[in-house]
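What follows is a set of notes on a single structure, which appears directly below.
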2 protein chains.
Amino acid sequence: MPTITTVRVHDVRFPTSKTLDGSDAMNKDGDYSASYVVLETDEPGLAGHGFTFTIGRGNDVVTETSRQRALPLIGRDVDALTTDLGGIYRELASDSQLRWLGPEKGVVHLAMAAVMNAVWDLAARRAGKPLWRLLTEMEPEEFVDILDLRYLSDALTRDEALQILKHARPGRMERIRDLQARGGYPCYTTSAGWLGYSDDKLRRLLTEAVDQGYRHVKLKVGASVDDDIRRLAIAREVIGWDANLMIDANQVWDVPQAIEWVSRLAEFRPLWIEEPTSPDDILGHAAIRRAVSPIGVATGEHGMNRVLFKQMFQAEAIDYCQLDSARLASINEIMAVYLLAAKFGVPVCPHAGGVGLCELVQHLSIVDFVAISGSLDGRVTEFVDHLHEHFVDPCVVENGHYRLPQSPGYSAAMHEQSVVEYEYPSGSYWAAQC
Amino acid sequence: MPTITTVRVHDVRFPTSKTLDGSDAMNKDGDYSASYVVLETDEPGLAGHGFTFTIGRGNDVVTETSRQRALPLIGRDVDALTTDLGGIYRELASDSQLRWLGPEKGVVHLAMAAVMNAVWDLAARRAGKPLWRLLTEMEPEEFVDILDLRYLSDALTRDEALQILKHARPGRMERIRDLQARGGYPCYTTSAGWLGYSDDKLRRLLTEAVDQGYRHVKLKVGASVDDDIRRLAIAREVIGWDANLMIDANQVWDVPQAIEWVSRLAEFRPLWIEEPTSPDDILGHAAIRRAVSPIGVATGEHGMNRVLFKQMFQAEAIDYCQLDSARLASINEIMAVYLLAAKFGVPVCPHAGGVGLCELVQHLSIVDFVAISGSLDGRVTEFVDHLHEHFVDPCVVENGHYRLPQSPGYSAAMHEQSVVEYEYPSGSYWAAQC
């Protein structure tokens, strides 16, 4: 009966602002960072790893908040914890003093994500399975018990969630074999289209993406409409008109401006416009969607919690749900959103990139296909090819597909050497900058 | 030309959990706290004071975040700052790395509120006027320039905001005299109705409230419907049926449950049900409002930002807007919400209580009546009678009205002795607890 003995939380920052990887119209100079949680146990080799993702300043306060949220885990029996994963979630979420600082949004919720991601990694390692397998092998009743359905019952009752899971149950093994046969879960790349890249670099990276088998590529837009038109023309020239082109404005527009700007880019036939306005603006997204159809509307990487997504679905505001695996409070909340999406018929194409988000979302997408929606229609998962070298069990992408992870856990463990080097401000990289 | 020389930020916590002041169905044991910001200048006697309000744990991370957000203020010329209060707001808000942790919600936004509240206090002190007077004396164009209208233009354009202010302009002096003549701005009390109080204490406090001239009282509900019925019966017995009774559930219900529970309390004819469900649930509040009419729906103390309030108005979700002076990012954002509310015809009854919120909201309510809505219809400002002894210029409430503040500033300065005693964990009170 292993016990959690220690919680370590590290402020890890990578100096991505130097290369403009990740640059867009809103976020010009992010240093991709993680609040990285390690739950150590007294069983040799057994630990849980989780994180949330930020872009630099403030990662220290997220780290401190994660530490506070994780404190109740010290001394817990691992088996008691991992056989009641709904219970520990509700216990940690019920801290009413920390709840006041959200509720369920911003720093306290990012910290909840980091801590519960580590708990889920621990549960999967204890079970000796990759997380996607642990989840897809659960009985429907067991799966529903881990969900946070609070505030959702006007859109999704517990019984409805159960019915969706039961409906998907018979074909599970077949769908796993289907994914294996097609080389994994389909993905698209954002690596080519960062706003800070030159036209030459854009053209070269798009050409590489096509050569690597991608059928979807995404470009950042929203700083200058003339630049956008020029860059989208380059993109269509390289990828042709049969491949899918997505555009992403990272929240820079008001609603009327979004409608006008996107209309000027419509000739390039984008599949979706991502984050056209404030991520909080449900009714605004609905208005934009009505105006720019047949261009789809996508959002979610800043979607703060399940209550926001519930309303996005109720208001018919989005064509694609891009939930974030390190902003929502881990599997307990994420899977509730997947079930909502399945009920409302909206495909989930999770946000990835950042630090380690690709490692997490591959598990989510597999669970969706195998145990929830049973469908790949309209679904494609983001992939950004950077920072994977810091992970012990990095995602493997080939021919535009995420290969199914095989190692136990949530693929969330970082190399200790990366922590030693990039911990802020004491790690060897940062110490050398001073 | 005074200059800001130092920023001090203090984690101040009062041990209110001991007496159950502030207890409700969601928040059972809060220690009312403030991240308290002091902007010191090189001019003797000139400083800016601001804070945000929390209920205990996590106040340390809000304090650290406030410190980070305030750093760019050090070395600034006070007059340059206070003559471009829109500019400094936009500059602080544009930190894209901190923005990632919200955006504009949770801890980073609470910290923005604390810092900008201090800037506004400094501006009013530098002008030698109470803040309500500084704001009501602004020209409409000047007033619009300080507003954060980003993401609002589908509901309120700059021109529309200007028209509302111009429309209210002629009667300003007369309305100030009107408030003075009636003894101030009308308020209601929550001090009687905390959930942790016994029936005897409830009866005694309600009797006192009636004797003190209150025409509105508020009770906490939502833990047990039988208890609620018993307590509301006591309330009607004491205050009669002509006075107004409000009820507050502090977010404990799902939407269907809210409708059912409130229907069971309808016989007591509450004026409003406050926070019936998640503060993020715009469509949920709209559904509840349709179902429980003529009981009004009120929410806002956890309303995270102006984009949420915009949608609450667009969706006709609330009858009363209870914005919070320490959760929205100070005057720049608060006044944008007041203008939205005026356009949509929704009265603003700001949330107060906590630590020092009453001191702040008295200014807001006066500005609304004098320079924006020009109306007192349906408007009543919360008052909770605790912790005022820690403020240098506490609000004065008599006969159910907030007297107009006369001292320069935003009434936000705390006694230095209170900081010395209640700073956490080093202050003399907390050090003695260990």
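Each chain in the structure tokens gets a letter, A, B and so on, in the order shown; residues start at 1 in every chain, and ligands are counted from 1 in the order they appear.
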
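The neighbours of Ser17 in chain B here are the residues that come within 12 Å of it, using only C-alpha atoms and leaving out any residue fewer than 5 positions away in the same chain; they are A:Gln97, B:Gly22, B:Ser23, B:Asp24, B:Asn27, B:Lys28, B:Asp29, B:Gly30, B:Asp31, B:Tyr32, B:Ser33, B:Ile55, B:Gly56, B:Gly196.
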
I'm after chain B in the frame of chain A: fit it by least squares over all Cα atoms matched in order, and give me the output as a short mmCIF file (atom, residue, chain, number, x, y, z; two decimals) with C-alpha atoms, in the first residue's frame.
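See selection-v7.cif below for the written result:
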data_model
loop_
_atom_site.label_atom_id
_atom_site.label_comp_id
_atom_site.auth_asym_id
_atom_site.auth_seq_id
_atom_site.Cartn_x
_atom_site.Cartn_y
_atom_site.Cartn_z
CA MET B 1 -0.01 0.02 -0.01
CA PRO B 2 2.10 2.91 -1.27
CA THR B 3 1.66 6.33 0.30
CA ILE B 4 2.27 9.82 -1.09
CA THR B 5 5.19 11.13 0.90
CA THR B 6 6.16 14.39 -0.79
CA VAL B 7 4.79 16.93 -3.22
CA ARG B 8 7.33 18.79 -5.34
CA VAL B 9 6.18 21.68 -7.51
CA HIS B 10 8.60 23.31 -9.94
CA ASP B 11 8.41 26.60 -11.85
CA VAL B 12 9.89 25.50 -15.19
CA ARG B 13 10.32 28.05 -17.98
CA PHE B 14 11.72 27.62 -21.49
CA PRO B 15 13.10 30.71 -23.27
CA THR B 16 10.86 30.43 -26.35
CA SER B 17 10.50 34.21 -26.68
CA LYS B 18 13.96 34.23 -28.27
CA THR B 19 12.81 32.44 -31.44
CA LEU B 20 9.20 33.73 -31.61
CA ASP B 21 7.94 30.15 -31.53
CA GLY B 22 4.41 30.60 -30.28
CA SER B 23 4.04 34.24 -31.36
CA ASP B 24 0.59 35.45 -32.32
CA ALA B 25 -1.46 38.64 -32.46
CA MET B 26 -2.13 38.64 -28.70
CA ASN B 27 0.91 36.83 -27.27
CA LYS B 28 4.01 38.33 -28.75
CA ASP B 29 6.80 37.07 -26.55
CA GLY B 30 5.80 34.10 -24.42
CA ASP B 31 8.32 32.01 -22.53
CA TYR B 32 6.54 28.66 -22.58
CA SER B 33 6.36 27.47 -18.98
CA ALA B 34 4.91 24.81 -16.74
CA SER B 35 3.99 24.50 -13.10
CA TYR B 36 5.19 20.95 -12.78
CA VAL B 37 3.85 18.79 -9.94
CA VAL B 38 5.47 15.55 -8.80
CA LEU B 39 3.67 13.37 -6.24
CA GLU B 40 6.35 11.13 -4.78
CA THR B 41 5.48 7.89 -3.01
CA ASP B 42 7.30 5.48 -0.75
CA GLU B 43 7.22 2.82 -3.47
CA PRO B 44 10.40 2.95 -5.53
CA GLY B 45 9.71 4.09 -9.08
CA LEU B 46 6.11 5.13 -8.41
CA ALA B 47 5.25 8.82 -8.72
CA GLY B 48 2.55 10.97 -10.31
CA HIS B 49 3.44 13.82 -12.69
CA GLY B 50 1.26 16.65 -13.85
CA PHE B 51 1.46 20.25 -14.92
CA THR B 52 -0.36 23.24 -16.19
CA PHE B 53 0.91 25.48 -18.94
CA THR B 54 1.61 29.23 -18.81
CA ILE B 55 3.69 31.61 -20.91
CA GLY B 56 6.10 33.12 -18.40
CA ARG B 57 5.49 35.74 -15.74
CA GLY B 58 3.06 34.55 -13.12
CA ASN B 59 4.18 30.95 -13.38
CA ASP B 60 5.55 31.44 -9.87
CA VAL B 61 2.12 32.22 -8.41
CA VAL B 62 0.56 29.29 -10.24
CA THR B 63 3.33 27.11 -8.83
CA GLU B 64 2.70 28.34 -5.30
CA THR B 65 -1.05 27.83 -5.71
CA SER B 66 -0.46 24.30 -7.01
CA ARG B 67 1.63 23.61 -3.93
CA GLN B 68 -1.24 24.77 -1.69
CA ARG B 69 -3.82 22.75 -3.60
CA ALA B 70 -1.66 19.62 -3.43
CA LEU B 71 -0.99 19.75 0.31
CA PRO B 72 -4.00 17.58 1.27
CA LEU B 73 -2.49 14.75 -0.82
CA ILE B 74 0.50 14.24 1.44
CA GLY B 75 0.18 11.09 3.50
CA ARG B 76 -2.63 9.64 1.38
CA ASP B 77 -2.81 5.98 0.52
CA VAL B 78 -2.32 5.73 -3.25
CA ASP B 79 -4.82 2.93 -3.73
CA ALA B 80 -7.53 4.69 -1.73
CA LEU B 81 -6.92 7.78 -3.83
CA THR B 82 -6.87 6.10 -7.21
CA THR B 83 -9.96 4.02 -6.57
CA ASP B 84 -12.00 7.13 -5.75
CA LEU B 85 -10.83 9.68 -8.29
CA GLY B 86 -14.15 11.50 -8.15
CA GLY B 87 -13.88 11.80 -4.40
CA ILE B 88 -10.42 13.33 -4.28
CA TYR B 89 -11.40 15.79 -7.03
CA ARG B 90 -14.45 16.93 -5.08
CA GLU B 91 -12.42 17.20 -1.90
CA LEU B 92 -9.75 19.41 -3.47
CA ALA B 93 -12.35 21.48 -5.35
CA SER B 94 -14.34 22.14 -2.19
CA ASP B 95 -11.74 24.42 -0.59
CA SER B 96 -14.08 27.38 -0.29
CA GLN B 97 -11.34 29.88 0.53
CA LEU B 98 -9.45 29.12 -2.68
CA ARG B 99 -12.75 28.85 -4.56
CA TRP B 100 -13.38 32.53 -3.82
CA LEU B 101 -10.42 33.39 -6.07
CA GLY B 102 -12.18 31.92 -9.10
CA PRO B 103 -14.48 30.22 -8.75
CA GLU B 104 -13.14 27.50 -11.05
CA LYS B 105 -11.18 29.83 -13.26
CA GLY B 106 -7.85 31.55 -13.58
CA VAL B 107 -4.89 30.71 -11.39
CA VAL B 108 -6.71 28.54 -8.83
CA HIS B 109 -8.18 26.41 -11.61
CA LEU B 110 -4.88 26.11 -13.49
CA ALA B 111 -3.39 24.88 -10.22
CA MET B 112 -6.23 22.39 -9.79
CA ALA B 113 -5.46 21.13 -13.32
CA ALA B 114 -1.78 20.69 -12.51
CA VAL B 115 -2.48 18.76 -9.31
CA MET B 116 -5.26 16.55 -10.67
CA ASN B 117 -3.23 15.83 -13.81
CA ALA B 118 -0.57 14.42 -11.47
CA VAL B 119 -3.17 12.36 -9.62
CA TRP B 120 -4.42 10.88 -12.92
CA ASP B 121 -0.86 10.13 -14.03
CA LEU B 122 -0.31 8.38 -10.71
CA ALA B 123 -3.53 6.40 -11.08
CA ALA B 124 -2.57 5.18 -14.55
CA ARG B 125 0.96 4.29 -13.47
CA ARG B 126 -0.35 2.42 -10.46
CA ALA B 127 -2.64 0.49 -12.84
CA GLY B 128 0.32 -0.13 -15.18
CA LYS B 129 -1.58 1.33 -18.15
CA PRO B 130 -1.50 4.38 -20.36
CA LEU B 131 -4.23 6.72 -19.17
CA TRP B 132 -6.34 6.32 -22.33
CA ARG B 133 -6.51 2.59 -21.65
CA LEU B 134 -7.40 3.03 -17.96
CA LEU B 135 -10.28 5.29 -18.95
CA THR B 136 -11.56 3.26 -21.89
CA GLU B 137 -11.63 0.12 -19.76
CA MET B 138 -13.81 1.71 -17.06
CA GLU B 139 -17.41 0.59 -16.75
CA PRO B 140 -19.86 3.37 -17.71
CA GLU B 141 -21.04 3.76 -14.08
CA GLU B 142 -17.46 4.02 -12.86
CA PHE B 143 -16.69 6.58 -15.56
CA VAL B 144 -19.69 8.74 -14.65
CA ASP B 145 -18.64 8.69 -11.00
CA ILE B 146 -15.39 10.49 -11.78
CA LEU B 147 -17.13 13.34 -13.64
CA ASP B 148 -17.76 16.82 -12.30
CA LEU B 149 -21.35 17.34 -13.44
CA ARG B 150 -22.09 20.21 -11.06
CA TYR B 151 -23.96 23.06 -12.78
CA LEU B 152 -24.52 20.95 -15.90
CA SER B 153 -27.84 19.22 -15.21
CA ASP B 154 -29.88 21.63 -17.33
CA ALA B 155 -27.83 20.44 -20.32
CA LEU B 156 -26.59 16.97 -19.39
CA THR B 157 -27.96 14.77 -16.63
CA ARG B 158 -26.07 11.91 -15.07
CA ASP B 159 -28.41 9.50 -16.84
CA GLU B 160 -27.76 11.08 -20.20
CA ALA B 161 -24.00 10.84 -19.64
CA LEU B 162 -24.43 7.19 -18.74
CA GLN B 163 -26.46 6.50 -21.88
CA ILE B 164 -23.79 8.05 -24.12
CA LEU B 165 -21.11 5.87 -22.53
CA LYS B 166 -23.25 2.73 -22.71
CA HIS B 167 -24.03 3.41 -26.34
CA ALA B 168 -20.31 3.56 -27.19
CA ARG B 169 -19.44 0.48 -25.12
CA PRO B 170 -19.89 -2.36 -27.65
CA GLY B 171 -17.45 -1.09 -30.32
CA ARG B 172 -14.56 -0.16 -28.09
CA MET B 173 -12.07 -2.88 -29.00
CA GLU B 174 -12.82 -2.51 -32.67
CA ARG B 175 -12.17 1.23 -32.56
CA ILE B 176 -8.83 0.74 -30.81
CA ARG B 177 -7.82 -1.62 -33.62
CA ASP B 178 -9.09 0.92 -36.16
CA LEU B 179 -6.82 3.62 -34.69
CA GLN B 180 -3.86 1.26 -34.67
CA ALA B 181 -4.50 0.31 -38.28
CA ARG B 182 -4.64 3.91 -39.49
CA GLY B 183 -1.41 4.80 -37.67
CA GLY B 184 -2.96 6.66 -34.77
CA TYR B 185 -5.26 9.63 -34.20
CA PRO B 186 -5.29 12.33 -36.94
CA CYS B 187 -3.65 15.65 -36.18
CA TYR B 188 -2.82 19.00 -37.74
CA THR B 189 0.16 21.28 -37.34
CA THR B 190 0.46 24.85 -36.12
CA SER B 191 4.26 24.77 -36.24
CA ALA B 192 4.36 26.48 -39.63
CA GLY B 193 2.18 29.48 -39.04
CA TRP B 194 3.40 31.56 -36.10
CA LEU B 195 2.95 35.24 -36.73
CA GLY B 196 6.59 36.17 -36.13
CA TYR B 197 7.90 33.97 -38.97
CA SER B 198 9.04 35.43 -42.30
CA ASP B 199 7.29 34.56 -45.58
CA ASP B 200 10.24 32.39 -46.60
CA LYS B 201 10.18 30.47 -43.34
CA LEU B 202 6.39 30.12 -43.64
CA ARG B 203 6.69 28.71 -47.18
CA ARG B 204 9.44 26.30 -46.20
CA LEU B 205 7.57 25.01 -43.11
CA LEU B 206 4.28 24.60 -45.00
CA THR B 207 6.07 22.61 -47.70
CA GLU B 208 7.56 20.40 -45.00
CA ALA B 209 4.13 19.92 -43.42
CA VAL B 210 2.63 18.76 -46.71
CA ASP B 211 5.58 16.44 -47.26
CA GLN B 212 5.04 15.00 -43.77
CA GLY B 213 1.49 14.00 -44.64
CA TYR B 214 -0.55 16.76 -42.97
CA ARG B 215 -3.96 17.47 -44.50
CA HIS B 216 -4.63 20.42 -42.15
CA VAL B 217 -2.43 23.42 -41.38
CA LYS B 218 -3.11 26.48 -39.27
CA LEU B 219 -1.95 30.09 -39.59
CA LYS B 220 -2.07 32.91 -37.08
CA VAL B 221 -3.92 36.04 -38.27
CA GLY B 222 -5.22 39.30 -36.85
CA ALA B 223 -2.32 41.76 -36.71
CA SER B 224 -2.67 43.20 -40.24
CA VAL B 225 -5.28 42.21 -42.78
CA ASP B 226 -2.90 42.84 -45.69
CA ASP B 227 -0.28 40.59 -44.14
CA ASP B 228 -2.96 37.97 -43.53
CA ILE B 229 -4.07 38.03 -47.17
CA ARG B 230 -0.46 37.69 -48.37
CA ARG B 231 0.30 34.83 -45.98
CA LEU B 232 -2.91 32.95 -46.72
CA ALA B 233 -2.21 33.23 -50.46
CA ILE B 234 1.21 31.67 -49.85
CA ALA B 235 -0.44 28.92 -47.82
CA ARG B 236 -2.99 28.04 -50.51
CA GLU B 237 -0.22 28.10 -53.13
CA VAL B 238 1.78 25.56 -51.12
CA ILE B 239 -0.95 23.26 -49.76
CA GLY B 240 -3.46 23.58 -52.63
CA TRP B 241 -7.23 23.85 -52.28
CA ASP B 242 -8.03 20.28 -51.23
CA ALA B 243 -6.13 20.46 -47.96
CA ASN B 244 -7.65 22.25 -44.97
CA LEU B 245 -6.47 25.66 -43.89
CA MET B 246 -7.39 27.00 -40.45
CA ILE B 247 -6.87 30.52 -39.12
CA ASP B 248 -6.44 31.69 -35.54
CA ALA B 249 -6.83 35.28 -34.27
CA ASN B 250 -6.03 34.69 -30.60
CA GLN B 251 -8.85 36.95 -29.31
CA VAL B 252 -7.76 40.23 -30.88
CA TRP B 253 -11.11 41.35 -32.29
CA ASP B 254 -14.37 42.79 -31.02
CA VAL B 255 -17.40 40.99 -32.43
CA PRO B 256 -18.21 43.37 -35.32
CA GLN B 257 -14.53 43.60 -36.26
CA ALA B 258 -14.21 39.80 -36.27
CA ILE B 259 -17.08 39.51 -38.71
CA GLU B 260 -15.64 42.12 -41.03
CA TRP B 261 -12.05 40.81 -40.94
CA VAL B 262 -12.97 37.16 -41.42
CA SER B 263 -15.19 38.12 -44.35
CA ARG B 264 -12.14 39.66 -46.02
CA LEU B 265 -10.27 36.35 -45.65
CA ALA B 266 -13.18 34.17 -46.80
CA GLU B 267 -11.75 33.82 -50.32
CA PHE B 268 -9.09 31.50 -48.88
CA ARG B 269 -11.86 29.16 -47.67
CA PRO B 270 -10.65 28.58 -44.11
CA LEU B 271 -12.15 25.56 -42.36
CA TRP B 272 -12.41 27.53 -39.15
CA ILE B 273 -11.67 30.85 -37.51
CA GLU B 274 -10.22 30.17 -34.09
CA GLU B 275 -10.54 32.54 -31.10
CA PRO B 276 -12.08 35.42 -33.04
CA THR B 277 -12.86 37.37 -29.85
CA SER B 278 -12.88 37.18 -26.05
CA PRO B 279 -12.94 33.53 -24.93
CA ASP B 280 -15.65 34.47 -22.41
CA ASP B 281 -18.05 35.77 -25.05
CA ILE B 282 -20.53 32.97 -25.68
CA LEU B 283 -23.11 35.20 -27.33
CA GLY B 284 -20.39 36.94 -29.34
CA HIS B 285 -19.15 33.65 -30.76
CA ALA B 286 -22.73 32.74 -31.62
CA ALA B 287 -23.15 36.03 -33.50
CA ILE B 288 -19.87 35.58 -35.36
CA ARG B 289 -20.80 32.00 -36.27
CA ARG B 290 -24.10 33.11 -37.77
CA ALA B 291 -22.34 35.81 -39.79
CA VAL B 292 -19.32 33.93 -41.21
CA SER B 293 -20.91 30.59 -42.07
CA PRO B 294 -19.84 28.33 -43.83
CA ILE B 295 -16.52 29.17 -42.15
CA GLY B 296 -16.61 27.35 -38.82
CA VAL B 297 -16.01 28.97 -35.44
CA ALA B 298 -13.60 27.33 -33.01
CA THR B 299 -12.54 28.26 -29.52
CA GLY B 300 -11.61 26.74 -26.18
CA GLU B 301 -7.92 27.03 -25.31
CA HIS B 302 -8.90 29.80 -22.89
CA GLY B 303 -12.27 28.22 -22.10
CA MET B 304 -12.18 28.53 -18.34
CA ASN B 305 -14.44 25.70 -17.19
CA ARG B 306 -17.27 23.31 -18.02
CA VAL B 307 -19.96 25.97 -17.37
CA LEU B 308 -18.55 28.07 -20.21
CA PHE B 309 -18.49 25.11 -22.60
CA LYS B 310 -22.02 24.11 -21.59
CA GLN B 311 -23.24 27.51 -22.71
CA MET B 312 -21.15 27.47 -25.91
CA PHE B 313 -23.07 24.33 -26.84
CA GLN B 314 -26.46 25.58 -25.67
CA ALA B 315 -26.06 28.80 -27.65
CA GLU B 316 -24.83 26.95 -30.78
CA ALA B 317 -21.82 29.24 -30.64
CA ILE B 318 -19.07 26.95 -31.95
CA ASP B 319 -18.44 24.33 -34.62
CA TYR B 320 -15.31 22.96 -32.94
CA CYS B 321 -14.57 22.66 -29.22
CA GLN B 322 -10.89 23.21 -28.45
CA LEU B 323 -10.75 22.45 -24.75
CA ASP B 324 -7.39 22.71 -23.03
CA SER B 325 -6.00 19.80 -21.05
CA ALA B 326 -4.14 22.02 -18.59
CA ARG B 327 -6.76 24.75 -18.10
CA LEU B 328 -9.75 22.55 -17.33
CA ALA B 329 -9.41 20.68 -14.04
CA SER B 330 -8.09 17.45 -15.52
CA ILE B 331 -10.01 14.32 -16.54
CA ASN B 332 -12.87 14.91 -14.10
CA GLU B 333 -13.91 18.12 -15.81
CA ILE B 334 -12.53 17.45 -19.31
CA MET B 335 -14.54 14.28 -19.76
CA ALA B 336 -17.69 16.08 -18.62
CA VAL B 337 -17.11 18.54 -21.48
CA TYR B 338 -16.52 15.67 -23.94
CA LEU B 339 -19.87 14.18 -22.91
CA LEU B 340 -21.60 17.54 -23.30
CA ALA B 341 -20.00 17.89 -26.74
CA ALA B 342 -21.17 14.42 -27.72
CA LYS B 343 -24.71 15.21 -26.65
CA PHE B 344 -24.75 18.45 -28.65
CA GLY B 345 -22.97 16.90 -31.65
CA VAL B 346 -19.95 19.21 -31.56
CA PRO B 347 -16.56 17.67 -32.41
CA VAL B 348 -13.77 18.21 -29.87
CA CYS B 349 -10.40 19.14 -31.41
CA PRO B 350 -8.31 19.79 -28.31
CA HIS B 351 -5.83 22.62 -28.09
CA ALA B 352 -2.20 21.51 -27.88
CA GLY B 353 1.31 22.85 -28.18
CA GLY B 354 2.67 24.82 -25.27
CA VAL B 355 4.62 22.64 -22.88
CA GLY B 356 3.53 19.02 -22.94
CA LEU B 357 -0.05 19.61 -24.04
CA CYS B 358 0.43 17.29 -27.02
CA GLU B 359 1.52 14.57 -24.61
CA LEU B 360 -1.78 14.94 -22.72
CA VAL B 361 -4.29 15.46 -25.53
CA GLN B 362 -3.37 12.31 -27.41
CA HIS B 363 -4.94 10.38 -24.51
CA LEU B 364 -8.10 12.53 -24.55
CA SER B 365 -8.69 12.12 -28.28
CA ILE B 366 -8.36 8.36 -28.07
CA VAL B 367 -10.85 8.19 -25.19
CA ASP B 368 -13.30 10.32 -27.16
CA PHE B 369 -13.17 8.05 -30.20
CA VAL B 370 -13.08 4.75 -28.33
CA ALA B 371 -15.51 5.36 -25.45
CA ILE B 372 -17.58 8.52 -26.01
CA SER B 373 -18.38 9.90 -29.48
CA GLY B 374 -17.16 6.86 -31.43
CA SER B 375 -16.46 9.21 -34.32
CA LEU B 376 -13.55 10.85 -36.12
CA ASP B 377 -15.81 13.10 -38.22
CA GLY B 378 -14.64 16.71 -38.10
CA ARG B 379 -12.05 15.79 -35.51
CA VAL B 380 -8.37 16.60 -35.74
CA THR B 381 -6.04 17.20 -32.83
CA GLU B 382 -3.48 19.98 -32.72
CA PHE B 383 0.20 19.16 -32.89
CA VAL B 384 3.07 21.57 -32.41
CA ASP B 385 6.56 20.21 -32.81
CA HIS B 386 8.49 21.75 -29.99
CA LEU B 387 9.68 21.03 -26.44
CA HIS B 388 8.91 17.30 -26.67
CA GLU B 389 12.57 16.55 -25.91
CA HIS B 390 11.90 17.45 -22.27
CA PHE B 391 9.43 14.58 -21.79
CA VAL B 392 10.32 11.06 -20.74
CA ASP B 393 7.58 9.54 -22.89
CA PRO B 394 7.04 12.08 -25.67
CA CYS B 395 4.19 11.80 -28.13
CA VAL B 396 5.11 10.26 -31.48
CA VAL B 397 3.58 11.81 -34.57
CA GLU B 398 4.03 10.21 -37.99
CA ASN B 399 2.20 10.88 -41.25
CA GLY B 400 -0.11 13.33 -39.54
CA HIS B 401 -1.21 10.94 -36.80
CA TYR B 402 -0.51 10.64 -33.08
CA ARG B 403 0.65 7.06 -32.40
CA LEU B 404 -1.15 5.41 -29.48
CA PRO B 405 0.93 5.84 -26.30
CA GLN B 406 1.99 2.53 -24.73
CA SER B 407 3.77 3.45 -21.48
CA PRO B 408 1.87 3.62 -18.19
CA GLY B 409 0.66 7.07 -17.13
CA TYR B 410 -0.50 10.33 -18.71
CA SER B 411 2.82 10.89 -20.59
CA ALA B 412 3.35 13.83 -18.27
CA ALA B 413 6.76 13.11 -16.71
CA MET B 414 9.57 15.50 -17.57
CA HIS B 415 13.25 14.61 -17.58
CA GLU B 416 14.78 15.56 -14.24
CA GLN B 417 17.63 17.14 -16.19
CA SER B 418 15.18 19.54 -17.88
CA VAL B 419 13.89 20.61 -14.48
CA VAL B 420 17.42 21.14 -13.20
CA GLU B 421 18.28 23.24 -16.22
CA TYR B 422 15.09 25.30 -16.71
CA GLU B 423 13.68 25.76 -13.21
CA TYR B 424 13.12 29.49 -12.73
CA PRO B 425 15.11 31.39 -11.59
CA SER B 426 17.57 28.97 -10.00
CA GLY B 427 18.07 26.44 -12.82
CA SER B 428 21.38 26.40 -14.66
CA TYR B 429 19.98 28.03 -17.83
CA TRP B 430 18.36 30.97 -16.04
CA ALA B 431 21.16 31.42 -13.51
CA ALA B 432 23.53 31.88 -16.45
CA GLN B 433 21.34 34.70 -17.87
CA CYS B 434 21.80 36.95 -14.85
#

Identify all residues of range 181-314 of chain A in strand (DSSP E) (DSSP on the backbone) and supply them as a short mmCIF file (atom, residue, chain, number, x, y, z; two decimals) with C-alpha atoms, in the first residue's frame.
data_model
loop_
_atom_site.label_atom_id
_atom_site.label_comp_id
_atom_site.auth_asym_id
_atom_site.auth_seq_id
_atom_site.Cartn_x
_atom_site.Cartn_y
_atom_site.Cartn_z
CA TYR A 185 -5.25 9.63 -34.21
CA PRO A 186 -5.30 12.32 -36.94
CA CYS A 187 -3.66 15.64 -36.18
CA TYR A 188 -2.84 19.00 -37.74
CA THR A 189 0.15 21.27 -37.32
CA THR A 190 0.46 24.83 -36.09
CA SER A 191 4.24 24.77 -36.21
CA ALA A 192 4.35 26.48 -39.61
CA GLY A 193 2.16 29.47 -39.01
CA HIS A 216 -4.63 20.41 -42.14
CA VAL A 217 -2.43 23.41 -41.36
CA LYS A 218 -3.12 26.48 -39.25
CA LEU A 219 -1.95 30.09 -39.56
CA LYS A 220 -2.07 32.91 -37.05
CA ASN A 244 -7.65 22.25 -44.96
CA LEU A 245 -6.46 25.67 -43.86
CA MET A 246 -7.39 27.01 -40.44
CA ILE A 247 -6.86 30.53 -39.12
CA ASP A 248 -6.43 31.70 -35.54
CA TRP A 272 -12.42 27.54 -39.14
CA ILE A 273 -11.65 30.86 -37.52
CA GLU A 274 -10.21 30.18 -34.09
CA GLY A 296 -16.61 27.36 -38.84
CA VAL A 297 -16.00 28.97 -35.44
CA ALA A 298 -13.60 27.33 -33.02
CA THR A 299 -12.55 28.27 -29.51
#

task = Enumerate the residues of range 40-136 of chain A with a DSSP assignment of alpha helix (DSSP H), computed from the backbone, and present them as a ChimeraX atom specification.
result = /A:59-70,78-82,85-93,96-99,106-127,131-136
